[in-house]
Structures are given as C-alpha cells and as structure tokens.
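> Provided herewith is a single structure, encoded as structure tokens, for subsequent inquiry.
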Amino acid sequence: MPVGRQVPPSGPTSRLWPSGGAHLWPAGEASSVQSHTRGHLVYAASGVLSVHTEQGTSIVPANRAAWTPAGFTHQHRAHGSTDMRIVFLPASLARLVPDRPAVYLVSDLAREILLALTGPHRDDRPAGARTRLRRVLVDELHEAPEQPLQLPEPRDDRLRAITRLLREDPADTTPLAELGHRIGASPRTLSRLFHNELGMTFYQWRTQLRVHHALILLADGHDTTRVAYACGWANPSGFIAAFTALLGTTPGRYRTGRNGSRSPA
C-alpha cells in the first residue's frame with residue numbers, strides 16, 4: 001500500500017486481489033519497502049514508475065514492464081499521476097523468467113493482457129482463461145528484448161561516491177577525471193570499476209541516469225527543451241537522440257502520449 005499520503009476523499013486508490021492489484025497514485029507516492037513470496041510484474045498504464053531493489057533502480061514508463069522475482073526487497077514510486085498494475089506469477093511460470101529484476105519492452109499483445117488481467121472486468125473470465133492469459137504473457141516476455149533502463153547499484157565505496165554526486169545533479173557535466181580527483185581515485189581505476197562492477201562505461205551510466213531523470217520531468221509536464229538542459233545536454237537534439245535510442249520514441253511523442261499506447265482499461 002502507498003505510504004506518506006492520505007487517501008483522497010473521492011475513494012480508495014488501491015484494489016488488491018490474490019493474483020494482482022491496481023494502484024492509482026499521485027506524483028511522489030511510494031510503497032513501503034517490501035518483498036513477496038511470488039514474483040510479480042508491474043506496469044504503468046499511465047504515468048511513470050521507478051522500482052528500487054538492492055540491485056539498482058529501474059524506470060518503468062508506459063511502454064515497459066518490470067519483473068521482480070520472489071524474495072527481492074523492493075519499493076515502487078510514482079512520478080506523475082500513475083496507474084500502476086500488478087500481476088503475480090505462480091511459481092510454475094516464474095521459473096520461465098529471470099531470477100533477477102528485469103525490464104521488458106511491452107508489445108501490444110502483452111499490454112492488452114496486462115490490462116485484461118488487472119482491469120475492472122478481470123473476473124468475467126473463467127479461472128482457466130486467466131491462467132492461459134498469464135501463460136501467453138510470459139511467452140510475450142520471452143520474445144521481448146530486455147531494455148537497458150536499469151541503473152545498477154554500485155558496491156564499491158568509490159563508485160558510490162561518484163554515483164551519489166551524479167544523482168544529486170544529473171546535469172553535472174564534470175569529466176570522470178575531475179570527479180575522480182574529488183574522491184581520490186584515478187580515472188583508469190574508476191573506468192575499470194564501472195565496467196567490472198556495473199557492466200557499463202561511465203558515459204553509459206550517466207546517460208541512463210539522465211534519461212531516468214528526463215522521464216520523471218516529462219511525466220511532470222515539462223517540455224523537451226527544458227528537460228534537455230535540466231538533464232545536462234548541451235542542446236535538445238543530443239537529448240532527443242539519446243532518449244530515442246533508449247526508449248524507441250522521441251521525448252515529444254512520449255510526453256504527449258503518442259508512443260503507441262492507447263487509453264488504459
């Protein structure tokens with residue numbers, strides 16, 4: 001359940017049932033830190049979610065779904081008004097997906113199944129039909145590429161210091177050598193740590209951090225130019241190119257909802 005805010009007088013913001021749930025959250029709403037005995041998928045039918053686990057932070061916009069295996073401690077946070085859908089998978093299906101957190105591109109079919117399993121008419125189908133839908137959903141995940149929208153969490157104290165500086169100011173353009181000088185580590189050492197521990201370069205990590213921040217600002221209604229400069233790009237065209245490479249759509253189309261999705265059920 002969300003914490004830190006009162007339920008609006010218009011009614012409850014959460015619907016829960018044994019196989020899933022739906023939460024309508026205002027911007028900034030967050031769940032408690034928790035874990036479940038079953039793995040689950042979360043999908044933002046509208047808005048943007050972030051999913052925090054001990055392995056890192058994943059950003060889940062409206063064309064992605066995030067998988068969290070059973071037993072992983074996690075927390076969800078809404079950025080912008082967010083319609084969050086949850087589907088729990090039985091152990092027999094959970095064995096067919098990774099045993100680590102992952103983010104997938106959502107196909108049109110997978111989106112419709114997620115909405116059908118979590119919408120107001122979900123119980124209109126017999127239990128067997130719902131089971132078959134979950135199987136098809138897992139099949140769709142097998143076909144979908146994993147998306148590089150997760151920021152891995154560093155363990156090394158030197159990397160933690162660097163990433164903390166960048167999280168505090170995603171627009172910071174300080175080169176790695178100067179950042180290393182501040183914390184007493186050489187750029188060669190830091191480059192090796194980024195590669196060996198996080199599986200990406202410093203530049204790739206910082207770019208993903210900036211795109212994460214951009215998704216949050218876009219969800220809050222800011223325009224592309226303002227977001228580009230707020231996230232550290234020297235010009236909007238560089239931001240558009242980096243955003244499109246990671247998300248498969250331009251920031252403008254994403255902000256106005258023209259990214260291939262329709263209104264949620």
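So you can find residues: chains in the structure tokens are A, B, ... in the order shown, residues in each start at 1, and ligands are numbered from 1 in order.
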List the spatial neighbours of Thr37 (chain A) as a VMD selection string - criterion: any atom at most 9 Å away, only C-alpha atoms, same-chain residues fewer than 4 positions off excluded.

chain A and resid 69 to 72

> Could you please take those selected residues and save C-alpha atoms as a compact mmCIF listing (two decimals), in the first residue's frame?


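What landed in out_16.txt:
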```txt
# COMPACT_ATOMS: atom_id res chain seq x y z
CA PRO A 69 11.38 -12.13 -8.57
CA ALA A 70 10.08 -13.59 -5.31
CA GLY A 71 12.04 -12.62 -2.24
CA PHE A 72 13.58 -9.43 -3.62
```

> Taking 2 positions as the minimum chain separation for residues in the same chain, which residues sit within 12 Å of region 240-254 of chain A when counting only C-alpha atoms? Answer as an MDAnalysis selection string.

chainID A and resid 46:48 59:64 103:106 146:150 203:204 206:219 221:229 231:238 256:261

> Please produce a file of the residues just selected, as a compact mmCIF listing (two decimals), in the first residue's frame, where the atoms kept are C-alpha atoms.


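Saved result, out21.txt, follows:
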```txt
# COMPACT_ATOMS: atom_id res chain seq x y z
CA SER A 46 -0.24 5.78 -17.36
CA GLY A 47 2.49 7.81 -15.69
CA VAL A 48 5.98 6.57 -14.82
CA ILE A 59 12.42 3.25 -14.58
CA VAL A 60 9.17 1.87 -15.99
CA PRO A 61 7.41 4.19 -18.47
CA ALA A 62 4.18 3.27 -20.21
CA ASN A 63 5.78 1.01 -22.83
CA ARG A 64 7.76 -1.12 -20.37
CA VAL A 103 12.62 -4.53 -17.57
CA TYR A 104 10.92 -5.54 -20.83
CA LEU A 105 9.52 -3.71 -23.79
CA VAL A 106 5.75 -4.30 -23.79
CA GLU A 146 15.22 -6.68 -22.14
CA GLN A 147 15.58 -2.92 -22.05
CA PRO A 148 18.59 -1.07 -20.61
CA LEU A 149 16.53 1.08 -18.26
CA GLN A 150 18.02 -0.16 -15.01
CA TYR A 203 29.32 7.64 -20.02
CA GLN A 204 26.63 4.95 -20.41
CA ARG A 206 25.47 8.84 -16.69
CA THR A 207 23.37 8.83 -19.88
CA GLN A 208 20.92 6.33 -18.37
CA LEU A 209 20.74 8.38 -15.18
CA ARG A 210 19.89 11.44 -17.25
CA VAL A 211 17.23 9.62 -19.25
CA HIS A 212 15.72 8.33 -15.97
CA HIS A 213 15.57 11.91 -14.73
CA ALA A 214 14.14 13.07 -18.06
CA LEU A 215 11.28 10.56 -17.82
CA ILE A 216 10.35 11.97 -14.43
CA LEU A 217 10.43 15.56 -15.69
CA LEU A 218 8.40 14.66 -18.78
CA ALA A 219 5.82 12.95 -16.54
CA GLY A 221 4.68 18.02 -17.90
CA HIS A 222 7.94 19.80 -18.77
CA ASP A 223 8.72 20.35 -22.45
CA THR A 224 11.59 18.73 -24.35
CA THR A 225 13.88 21.77 -24.43
CA ARG A 226 13.61 22.44 -20.71
CA VAL A 227 14.17 18.76 -19.90
CA ALA A 228 17.23 18.57 -22.18
CA TYR A 229 19.02 21.38 -20.39
CA CYS A 231 19.41 16.83 -17.58
CA GLY A 232 22.78 18.09 -18.79
CA TRP A 233 22.55 18.02 -22.58
CA ALA A 234 24.13 20.96 -24.40
CA ASN A 235 21.26 21.06 -26.90
CA PRO A 236 17.85 19.39 -27.39
CA SER A 237 18.98 17.36 -30.42
CA GLY A 238 21.54 15.44 -28.37
CA THR A 256 2.07 13.76 -25.42
CA GLY A 257 1.25 10.06 -25.29
CA ARG A 258 1.85 9.34 -28.97
CA ASN A 259 4.10 6.36 -28.24
CA GLY A 260 1.90 3.61 -29.50
CA SER A 261 -0.32 3.19 -26.45
```

> Go ahead and compute the interatomic distance for CA of Gly80 (chain A) and CA of Gln34 (chain A), in Å to one decimal.

22.1 Å

> Go through A:Val136, A:Ala127, A:Ala78, A:Ala27 one by one, measure the shortest atom-to-atom distance of each to Leu93 (chain A) using only C-alpha atoms, and give the residue with the smallest value.

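Among A:Val136, A:Ala127, A:Ala78, A:Ala27, it is A:Val136 that comes nearest to Leu93 (chain A).
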
> Identify all residues of region 17-257 of chain A in strand (DSSP E or B) (DSSP on the backbone) and supply them as a ChimeraX atom specification.

/A:17,20-25,30-31,34,40-53,56-60,64-68,74-88,102-105,146,150-152

> Running DSSP on the backbone, which parts of region 24-141 of chain A land in alpha helix (DSSP H), as a ChimeraX atom specification?

/A:91-94,108-118,127-141

> Determine the nearest neighbour of Gly184 (chain A) from the options A:Asp83, A:Asp169, A:Asp157, A:Glu29, counting only C-alpha atoms.

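The closest residue to Gly184 (chain A) is A:Asp157.
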